[in-house]
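Engineer: Got a structure for you, questions after.
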Amino acid sequence: MTEKRRDGGSQVEELIRLAQDQLDPSSKEALQKRLAQDKDLQALYEIVLSMYQRRKEELDEILREAQDAVVSKETAESAMRQGLRIFDDLRLRRKDPTRLRGIAVTDSADTPTPAGVRKSAVDTRRLKYRLPEGEVHLELLPVSFESYDMTGIVTHKTHSGPFNIALRTGKRVRKTTTDEVNLFQLARVASGRHEIELFFGAELIGTITLEI
């Protein structure tokens, strides 16, 4: 793990503790000063806070039904994992703004399974990415031990589609186009790290980094 990633992890953990009101007064004051001066940090905190509060509300309902005190710990761990991904996406967006990097704001892989509920052996993973001017929703359905069928829907503030999709895995590129409802499908996407580029005509409207 690089030093930069450790710093990001510590920063996200500190933001989560601020959202939970678990910082001591001096640390809280210092972090609030940094937030006032750093727009990227503000954006990250707003996402972490919104995500944590939404997840806490959802899991509080589960907690009331299941009466399981472990849920609150899993909520914080889930927010931590998702916060790290958000931090990485924001760092990549700042490093190269021309790539119009999408931010992964929702990932069902991070939703804790309630106590007493067995996780399905074949579980569809759902992700939501926020682009500078739109959103991408992805579903990944396992079809073998190391491959997934991918379905995605693209929305954009100014373009109605169709959109051209390029899935880059190392040197390999797979291309497709969205249909009349801006949905696209790619069969048997292998496990690994991928980049998805989204175009309206020749115009790049967003780039997504995906690890499966």
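Every chain in the structure tokens takes a letter, A first, then B, and so on in the order presented; its residues are numbered from 1, and the ligands are numbered from 1 following the presented order.
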List as a PDB file with N, CA, C and O atoms, in the first residue's frame the protein and nucleic acid residues near Arg126 (chain A), meaning an atom at most 9 Å away when only C-alpha atoms are counted, but skip any in the same chain fewer than 5 places from it.
Structural biologist:
```
ATOM      1  N   THR A 106     -22.366   4.651  -4.946  1.00  0.00           N
ATOM      2  CA  THR A 106     -23.114   3.525  -4.380  1.00  0.00           C
ATOM      3  C   THR A 106     -22.539   2.226  -4.911  1.00  0.00           C
ATOM      4  O   THR A 106     -22.253   2.110  -6.099  1.00  0.00           O
ATOM      5  N   ASP A 107     -22.356   1.243  -4.018  1.00  0.00           N
ATOM      6  CA  ASP A 107     -21.894  -0.088  -4.402  1.00  0.00           C
ATOM      7  C   ASP A 107     -22.561  -1.099  -3.475  1.00  0.00           C
ATOM      8  O   ASP A 107     -22.318  -1.111  -2.269  1.00  0.00           O
ATOM      9  N   SER A 108     -23.411  -1.947  -4.036  1.00  0.00           N
ATOM     10  CA  SER A 108     -24.146  -2.906  -3.208  1.00  0.00           C
ATOM     11  C   SER A 108     -23.230  -3.920  -2.534  1.00  0.00           C
ATOM     12  O   SER A 108     -23.619  -4.552  -1.550  1.00  0.00           O
ATOM     13  N   ALA A 109     -21.994  -4.065  -3.041  1.00  0.00           N
ATOM     14  CA  ALA A 109     -21.048  -4.989  -2.411  1.00  0.00           C
ATOM     15  C   ALA A 109     -20.696  -4.547  -1.001  1.00  0.00           C
ATOM     16  O   ALA A 109     -20.220  -5.340  -0.192  1.00  0.00           O
ATOM     17  N   HIS A 137     -25.531   3.802 -14.081  1.00  0.00           N
ATOM     18  CA  HIS A 137     -25.929   2.718 -13.184  1.00  0.00           C
ATOM     19  C   HIS A 137     -25.473   1.401 -13.815  1.00  0.00           C
ATOM     20  O   HIS A 137     -25.777   1.131 -14.983  1.00  0.00           O
ATOM     21  N   LEU A 138     -24.757   0.594 -13.039  1.00  0.00           N
ATOM     22  CA  LEU A 138     -24.264  -0.690 -13.525  1.00  0.00           C
ATOM     23  C   LEU A 138     -24.830  -1.837 -12.703  1.00  0.00           C
ATOM     24  O   LEU A 138     -25.027  -1.710 -11.487  1.00  0.00           O
ATOM     25  N   GLU A 139     -25.075  -2.975 -13.380  1.00  0.00           N
ATOM     26  CA  GLU A 139     -25.404  -4.224 -12.711  1.00  0.00           C
ATOM     27  C   GLU A 139     -24.453  -5.291 -13.233  1.00  0.00           C
ATOM     28  O   GLU A 139     -24.239  -5.408 -14.439  1.00  0.00           O
ATOM     29  N   LEU A 140     -23.878  -6.064 -12.309  1.00  0.00           N
ATOM     30  CA  LEU A 140     -22.943  -7.133 -12.664  1.00  0.00           C
ATOM     31  C   LEU A 140     -23.502  -8.452 -12.158  1.00  0.00           C
ATOM     32  O   LEU A 140     -23.636  -8.661 -10.946  1.00  0.00           O
TER      33      LEU A 140
END
```
Engineer: Can you tell me, as number ranges by chain, what residues are no more than 10 Å from Glu180 (chain A) when counting only C-alpha atoms, ignoring any on the same chain fewer than 2 positions away?
Structural biologist: A: 160-163, 177-178, 182-184
Engineer: Contacts of Glu197 (chain A) at 9 Å or less, counting only C-alpha atoms, minus same-chain residues fewer than 2 places along, as a list in words?
Structural biologist: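 Surrounding residues, per the criterion: Arg99, Asn164, Ile165, Ala166, Leu167, Arg168, Glu195, Phe199, Leu204, Ile205, Gly206, Thr207 and Ile208 of chain A.
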Engineer: Expressed in Å to a single decimal, how great is the separation between CA of Ile153 (chain A) and CA of Val136 (chain A)?
Structural biologist: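 According to the coordinates, CA of Ile153 (chain A) and CA of Val136 (chain A) are separated by 5.7 Å.
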Engineer: Out of A:Leu210, A:Leu127, A:Met150, A:Leu41, which residue has the shortest atom-to-atom distance to Thr176 (chain A) when counting only C-alpha atoms?
Structural biologist: A:Met150
Engineer: One number please: CA of Val154 (chain A) to CA of Glu135 (chain A), in Å, one decimal.
Structural biologist: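 We find that CA of Val154 (chain A) and CA of Glu135 (chain A) lie 6.0 Å from each other.
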Engineer: Which is closer to Ala30 (chain A) than all the others in A:Thr169, A:Glu14, A:Phe145, A:Leu92, using only C-alpha atoms?
Structural biologist: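 Selected residue with least distance to Ala30 (chain A): A:Glu14.
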Engineer: Could you check how far CA of Gln32 (chain A) sits from CA of Val105 (chain A), in Å to one decimal?
Structural biologist: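 Taking CA of Gln32 (chain A) as the start and CA of Val105 (chain A) as the end point, the length is 22.6 Å.
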Engineer: Please provide as a count of residues only all residues within 12 Å of Leu18 (chain A), with the sequence filter that same-chain residues fewer than 5 positions apart are discarded (counting only C-alpha atoms).
Structural biologist: 20
Engineer: Would you mind listing what lies within 12 Å of Pro142 (chain A) as a list in words, with only C-alpha atoms counted and same-chain residues fewer than 2 positions away left out?
Structural biologist: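 Once the adjacent positions are removed, what remains is Ser120, Ala121, Val122, Asp123, Thr124, Arg125, Arg126, Glu139, Leu140, Ser144, Phe145, Glu146, Ser147, Tyr148, Asp149, Met150, Thr151, Ala187, Arg188, Val189, Ala190, Ser191 and Ile212 of chain A.
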